[in-house]
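Scroll down for the structure; my scribbles are underneath it.
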Amino acid sequence: MRIKLKVNGKTVEAEVAPRISLADFLRDTLRLTGTHLGCEHGVCGACTVIVDGAAVRACLMLAVQAHGEQIVTVEGLSNDDALSPLQACFRKHHALQCGFCTPGMITTAHALLTEEPDADADRVREVLSGNICRCTGYIPIIEAVLEARAHYADQDAPP
Amino acid sequence: MKPRNLLIGSPMERVEDFRFLRGDGRFVADVNLEGQLHAVIARSAVAHGRIRAIHTGDARAMAGVRAVITARDLGRPVPVIPLRLQPLAELAPFRQPMLAHGKVRFVGEPLAVIVADSPQIAEDALDRIGADIEPLPAIVDREHAEAGETVLFEDHGSNVAIRWTAVRGDAGRAFANAQYVRKETFRIQRHAALFLEPRGFVAQWDGRARKLTLWGAAKVAFANRKILAAAMGLAEQQIEMIEVDVGGGFGSRGEFYPEDFLIPFAARLLNRPVKWIEDRREHLMTANHARETECEIEIAATGDGRILGLRGRSWSDNGAYIRTNGSVAPRNVAQFMSGPYHIENIALSTTQLITNKTPAGTYRGPGRFEADFVRERLIDLMAKDLGLDRVEIRRRNLVRENQMPYPLATITPYESATELDGGDYRQLLDRCLEDFGWAEKVKLDGRLIDGRYHGIAIGCFIEGGGAGPSEDARIVLESDGTYSVYVGSAAVGQGIETIMAQIAGDALEAPFDRIRVRHGSTGDVAQGHGSYHSRATVMGGSAIVLAAEKLRDKLREVAARALGCEPGEVTLDSGTAKGPAGKSLALSELSEAPVEAEATYRGDKHTYAYGSLAAHVAVDVKTGHVEVIDVASIKDVGRIINPATLHGQAVGAIVQGLGGALLEHLVYDGDGQLLTGTLADYMVPSAGCFPVIRSTVVELIPSPNNPLGAKGGGEGEIIPVGGVIANAVAAALADFGVEPMELPLSPPRIWALIG
Amino acid sequence: MKFPDFDYACPKSLDEALGLLRLHGDDAVLLAGGQSLMPLLAFRLAAPGLLVDLKDVPGLGDIGIDGGGVRLGAFVRWCEIDRNAGLAAAHPLLVEAIGHVAHYQIRNRGTVGGSLAYGDPAAEMPGIAVTCDGEIIVMGESGERRVAAADFFLGALTTCLRPGEIITGLHLPPWPAGRRWAFEEFARRRGDFALAGTALYYDLDSQGRATDAHIGVIGAADRPMRLAQAERMINGSTVNADAIAAAAEAASREVDPMEDFHAPTAYRRALVETLVARALTRAAG
């Protein structure tokens, strides 16, 4: 099937088989390999991307369902030259070790803080409970997201 | 030899983070080669059975399927996975074939490899493989495994692989004369490392050069290259193992699994690049499981709580095959049962049993998590029985500084002796009490507050690290004045590019941003031993210190020639070589060609980090839910390279330990079917589970066993968690007489204990 | 775990969707949020020939609140229930219960209709539908029918939906002011399916006695169910500690929990007693 969508601000048109997940489409067709696959059954959160402003699991969505949508991946939340404020908070707090869950954490946290820049610690923990990290024990991730809130409160659309 | 200390000890932000945070990491699934095919593995759905036939014709006939490989295609004999550590003859009969033939012995055992144009087509073809397997009774528990009416390996005739003993002193006499003796049975459940990035490989065979390149190496690339070379009939030099970013290891990832051979084999057979990425279901049923142990252990003590002896038996459910890790975990259960305590008389045996479950291997703190659960529980039971304070009883029994180095029990049949290298164990116990706020919190013990019973507990642990035999490092001063540091240690997410750059920077007296660390791949150094047993920093870091020293000698020689003086007259600072009479030269101008030096650090004395961990829980007796309100830990690692990354290791280890204590369980039914085959059923900690973890790492007493003075620190805090949480639950539920003897402390189990 | 091969259709109207179901029969499966269906496909536990995506069917995403109660379109997503300003007053029990559904990302996709059609015995939405006298609105070839939620769920993952039918919405009767209610569930981790849960409410008569008690449970049988005995213990009582204990005890006898590796029957039975007692205590407080 032919689909047309926006990925990280760029219009993309592609031919894709119906059974291809959005995650595989991003990774294999567009070579946006920042979206990771950790379970492919909707539990680990590593594949989280932002569809029309909402964080979703890209392994549980078909590429064809994304026709006409605006997709933002971790690559779309990154600048060429420097880390975004959210990314810098992650680095400062050592909120990553192996880095595999990290893109999903960044996309999820970005979607959350964009909508709820005043999310408290409990809300952040609740939202991130859909993203498995096996390395950090989550404590520094929560700290990083809480610190990043300030950057979202001030402006319309970070990073 | 001690490097000057500008970078070491500093909580530097990690160099790795730039790529990971921007989605620029390159994990094995991100590696794509022109013309690559995709493999999936057809696996046994039967736990135990005789293979009558594997029908592959339908699958082969599908459009887009390029090959279906069964054991028959591998030649005779079908290669097996050798043991990497302690390759004992007794264990040889239980090695896993790369593909099942004759029999299948666990659900998930590889039967065939399907190679197709896409992963989707390859999976479609899975349904077309017909496995005709005559089922046999599945052995899934100790009782049936020991009884041996059904055996997995008929030629061997028994499901007992090996029995180890750990001996020290004279346990028989100690128990005969002891004022206090208590014997209990404990069980630790099967669980696993569950690193988040699935395993995977991309293999490329260059037929003309007869060279194999394999992306996806991890942990022990050199050892695996040797195994792979033998299995494929190649020389090691014909194989290049490339370590790309690795999404977590924890002991399990990077060990040699069947796919480590099958994917390269398929690539050579088809003369096309072949890619295989494990899915989570097959990860849960095929990557090493760990920890399943039953222990009948007895403790003997004087009336005032001096521990006189430990004796008893334990059984490790190893699953169907003995893989690369051999007997490490079962042996550790016996060897480390005494932990950080001075226990003069020990007689322990441990039996490694073969069952129809996924093979077990090492997982962070192998054997130690299990042993600590048993020992720390026994100590609290003893304190209760004797009416003594559980902190005082620990303080009284910890190995003292003046007893160092302190030999642990000797293991046989293959004698292995090790000794604690030093430390002030009591000081850290006291600091942990203080950090935790024991004096205040102890008042909550056993109290009912807002419908929940509160309890606290503390335990002490040691962590083995720095396994030998050696590690290699090579440092190159490039012609642009930057240093490339190559090291045999492997990255599994612990931040070694940063840590090694800190060590190298101080050793070279060079700024951090001029150092690039390369690691893990077989092309980088002559030999490498990788990352296990908390050894990467200790061994790789020490090798870097040695290589830096050599390189600086060389640079002085080169500079002396250019400056027209003696090497001894040259001083080096961050960017320049200075000779006598104010003559100097920028290092970048020193030589047209890169200058390099290589060094091997050898050392086979283990380091022992040590510490204490305390926890506060609240138990809802109606639901059986255990809430972990607070955890505080402290550990001495001798020398800290990067306090921030080390703190990350500590907190991460604690939370993994809490998973093992409370949540994680690989459950089998009586037919040997794995019931927890999804991440919804196999429950690892999530962000909401354990919000308060406090952890401190200190550098109190350097290890005498390496030039850095560092002790391995990647595992320690996971080790005491099971015992401490169980003790805290027992303390909370003292009114109910609840004494947990089995993990995990799941709500139904706690509820049942309350009765 | 790649999906099996299937075709995909994205009809623009309900009629078109019904037509596709007619044409393809059992081979067609409806796709709403996909948060349960896609994992089934990933594990290849289902292999439909055609997925019929309802995302472009107009009208299915509406939330209606009026004197007649609350109407949730089948395509209403969990996050929209969170965000809807009127629902908290119009049906607070619904909002609280749905707050327990799954994780953030799932909540952004999962739908009311999908959950009802899937019929997981531990899921919140079917539990609320059954507890609150909900009616499931179903469109088929022969037009619309409304099925009482109590009759809709036949067993684990089994409903009375007939081939060719599409759930278009859920109707919940009006929620009177002053109604007492609570929701309690126990899950191992945040967002997990509950080991058991209860949704309940009752009204108070002029003497302060409970009337019209509705006590529903999830995860305690092969489908969500109401507990008539427990309700009887509450109706006419002042919902004091004795009545609560009696009702909770009755509830534990009335349920028929399954045994699985997560929990034995006896545990789930006791959990129901605890949760019903806690929920009633909260409702009464």
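By convention in this document, the chains of the structure tokens carry letters A, B, ... by their order, each chain's residues are numbered from 1, and ligands are numbered from 1 in the order they are shown.
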message: Quick check: residues of chain B within 10 Å of chain C, only C-alpha atoms, returned as JSON, numbers by chain.
response: {"B": [40, 119, 120, 121, 122, 123, 124, 127, 277, 278, 279, 280, 281, 282, 622, 623, 624, 625, 662, 663, 665, 667, 668, 669, 675, 676, 678, 680, 681, 683, 684, 685, 686, 687, 688, 689, 746, 747, 748, 749, 751, 752]}
Write the selection just made, keeping N, CA and C atoms, as a compact mmCIF listing (two decimals), in the first residue's frame?
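Result saved to again16.txt:
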```
# COMPACT_ATOMS: atom_id res chain seq x y z
N VAL B 40 15.51 -17.05 11.03
CA VAL B 40 14.79 -17.33 12.28
C VAL B 40 15.10 -18.78 12.65
N PRO B 119 12.53 -11.04 7.41
CA PRO B 119 12.19 -11.73 8.67
C PRO B 119 10.74 -12.18 8.68
N GLN B 120 9.88 -11.44 7.98
CA GLN B 120 8.47 -11.83 7.94
C GLN B 120 8.30 -13.17 7.24
N ILE B 121 8.94 -13.31 6.08
CA ILE B 121 8.82 -14.57 5.34
C ILE B 121 9.43 -15.71 6.14
N ALA B 122 10.56 -15.43 6.76
CA ALA B 122 11.21 -16.48 7.56
C ALA B 122 10.26 -16.96 8.67
N GLU B 123 9.58 -16.02 9.29
CA GLU B 123 8.63 -16.42 10.33
C GLU B 123 7.43 -17.16 9.75
N ASP B 124 6.99 -16.74 8.57
CA ASP B 124 5.89 -17.46 7.92
C ASP B 124 6.28 -18.93 7.73
N ASP B 127 5.86 -21.90 10.49
CA ASP B 127 4.64 -22.71 10.58
C ASP B 127 4.70 -23.94 9.68
N ILE B 277 17.90 -11.50 14.50
CA ILE B 277 17.64 -10.75 15.72
C ILE B 277 16.65 -11.57 16.54
N GLU B 278 17.08 -11.88 17.72
CA GLU B 278 16.26 -12.67 18.64
C GLU B 278 14.96 -11.93 18.95
N ASP B 279 13.85 -12.65 19.08
CA ASP B 279 12.67 -11.96 19.60
C ASP B 279 12.52 -12.25 21.08
N ARG B 280 11.65 -11.49 21.71
CA ARG B 280 11.59 -11.55 23.17
C ARG B 280 11.09 -12.89 23.68
N ARG B 281 10.21 -13.51 22.92
CA ARG B 281 9.71 -14.81 23.34
C ARG B 281 10.86 -15.83 23.34
N GLU B 282 11.63 -15.84 22.27
CA GLU B 282 12.73 -16.81 22.25
C GLU B 282 13.83 -16.42 23.23
N LYS B 622 -3.29 -8.26 54.03
CA LYS B 622 -4.51 -8.71 53.36
C LYS B 622 -4.21 -9.14 51.91
N THR B 623 -3.32 -8.39 51.26
CA THR B 623 -3.00 -8.73 49.87
C THR B 623 -1.67 -9.47 49.76
N GLY B 624 -0.87 -9.40 50.80
CA GLY B 624 0.46 -9.98 50.73
C GLY B 624 1.47 -9.11 50.00
N HIS B 625 1.08 -7.91 49.69
CA HIS B 625 1.98 -7.03 48.93
C HIS B 625 3.08 -6.48 49.84
N LEU B 662 11.28 -10.08 44.63
CA LEU B 662 9.83 -9.85 44.75
C LEU B 662 9.02 -10.21 43.50
N LEU B 663 9.60 -10.08 42.32
CA LEU B 663 8.77 -10.12 41.12
C LEU B 663 9.10 -11.24 40.14
N HIS B 665 10.09 -14.40 38.02
CA HIS B 665 10.01 -15.84 38.19
C HIS B 665 9.73 -16.48 36.84
N VAL B 667 8.39 -19.51 35.32
CA VAL B 667 7.56 -20.60 35.84
C VAL B 667 7.37 -21.66 34.76
N TYR B 668 7.56 -22.91 35.13
CA TYR B 668 7.31 -24.04 34.24
C TYR B 668 6.14 -24.85 34.74
N ASP B 669 5.45 -25.49 33.82
CA ASP B 669 4.44 -26.46 34.25
C ASP B 669 5.07 -27.85 34.25
N LEU B 675 5.73 -21.01 31.25
CA LEU B 675 4.46 -20.28 31.30
C LEU B 675 4.65 -18.77 31.23
N THR B 676 5.84 -18.32 31.56
CA THR B 676 6.08 -16.88 31.59
C THR B 676 6.85 -16.47 30.35
N THR B 678 6.13 -14.05 28.12
CA THR B 678 6.00 -12.68 27.64
C THR B 678 6.51 -11.73 28.72
N ALA B 680 4.81 -9.43 29.87
CA ALA B 680 3.68 -9.15 30.76
C ALA B 680 3.67 -10.18 31.90
N ASP B 681 4.13 -11.39 31.60
CA ASP B 681 4.11 -12.46 32.60
C ASP B 681 5.42 -12.56 33.37
N MET B 683 7.82 -10.59 35.10
CA MET B 683 7.71 -9.21 35.57
C MET B 683 9.04 -8.67 36.09
N VAL B 684 9.59 -7.72 35.36
CA VAL B 684 10.78 -7.03 35.86
C VAL B 684 10.32 -5.72 36.52
N PRO B 685 11.16 -5.14 37.35
CA PRO B 685 10.77 -3.88 37.98
C PRO B 685 10.46 -2.80 36.94
N SER B 686 9.43 -2.01 37.23
CA SER B 686 9.16 -0.85 36.38
C SER B 686 9.32 0.41 37.23
N ALA B 687 9.15 1.56 36.57
CA ALA B 687 9.53 2.83 37.20
C ALA B 687 8.75 3.11 38.48
N GLY B 688 7.57 2.54 38.59
CA GLY B 688 6.76 2.82 39.77
C GLY B 688 7.06 1.92 40.96
N CYS B 689 7.88 0.90 40.77
CA CYS B 689 7.98 -0.15 41.79
C CYS B 689 8.80 0.25 43.02
N SER B 746 6.26 -13.16 46.53
CA SER B 746 5.10 -12.69 45.77
C SER B 746 3.92 -12.52 46.72
N PRO B 747 2.96 -11.69 46.34
CA PRO B 747 1.81 -11.48 47.23
C PRO B 747 1.11 -12.80 47.61
N PRO B 748 0.84 -13.70 46.65
CA PRO B 748 0.18 -14.93 47.09
C PRO B 748 1.03 -15.73 48.09
N ARG B 749 2.34 -15.71 47.91
CA ARG B 749 3.18 -16.48 48.83
C ARG B 749 3.16 -15.87 50.22
N TRP B 751 0.88 -13.95 51.49
CA TRP B 751 -0.48 -14.13 52.02
C TRP B 751 -0.64 -15.55 52.57
N ALA B 752 -0.13 -16.52 51.87
CA ALA B 752 -0.25 -17.90 52.33
C ALA B 752 0.56 -18.12 53.61
```
Give me, as JSON lines, each residue of chain A that comes within 6 Å of chain C, together with its shortest interatomic pair and the distance in Å at one decimal, counting only C-alpha atoms, with rows ordered by chain and rising residue number.
```
{"residue": "A:Pro18", "atom": "CA", "partner": "C:Tyr8", "partner_atom": "CA", "distance": 5.8}
{"residue": "A:Arg19", "atom": "CA", "partner": "C:Phe3", "partner_atom": "CA", "distance": 5.7}
{"residue": "A:His41", "atom": "CA", "partner": "C:Pro39", "partner_atom": "CA", "distance": 4.7}
{"residue": "A:Ala55", "atom": "CA", "partner": "C:Gln105", "partner_atom": "CA", "distance": 5.3}
{"residue": "A:Val56", "atom": "CA", "partner": "C:Gln105", "partner_atom": "CA", "distance": 4.5}
{"residue": "A:Leu60", "atom": "CA", "partner": "C:Met38", "partner_atom": "CA", "distance": 5.4}
{"residue": "A:Val127", "atom": "CA", "partner": "C:Tyr104", "partner_atom": "CA", "distance": 5.3}
{"residue": "A:Gly130", "atom": "CA", "partner": "C:His103", "partner_atom": "CA", "distance": 5.1}
```
Please build the interface table for chain B against chain A with a cut-off of 6 Å, listing for each qualifying residue the nearest atom pair and the distance in Å to one decimal; count only C-alpha atoms, order rows by chain and increasing number, and write it as a tab-separated table.
```
residue	atom	partner	partner_atom	distance
B:Phe20	CA	A:Gly99	CA	5.2
B:Leu21	CA	A:Gln87	CA	6.0
B:Arg22	CA	A:Ser78	CA	5.5
B:Gly23	CA	A:Gly34	CA	3.8
B:Asp30	CA	A:Thr33	CA	5.9
B:Leu196	CA	A:Gly38	CA	5.8
B:Glu197	CA	A:Gly38	CA	5.6
B:Gly247	CA	A:Cys98	CA	4.9
B:Gly248	CA	A:Cys98	CA	5.5
B:Arg280	CA	A:Cys39	CA	5.0
B:Gly493	CA	A:Cys98	CA	3.4
B:Gln494	CA	A:Gln97	CA	5.7
B:Gly648	CA	A:Thr136	CA	5.9
B:Val651	CA	A:Gly137	CA	5.9
B:Gly652	CA	A:Gly137	CA	4.3
B:Val655	CA	A:Gly137	CA	5.1
B:Ser686	CA	A:Ser129	CA	5.1
B:Ala687	CA	A:Ser129	CA	4.5
B:Gly688	CA	A:Arg125	CA	5.1
```
statement: One decimal place gives the atom CA of B:Val399-atom CA of B:Pro340 separation as 6.0 Å
Residues of chain A in strand (DSSP E), written as a ChimeraX atom specification: /A:2-7,10-15,48-51,54-57,70-72
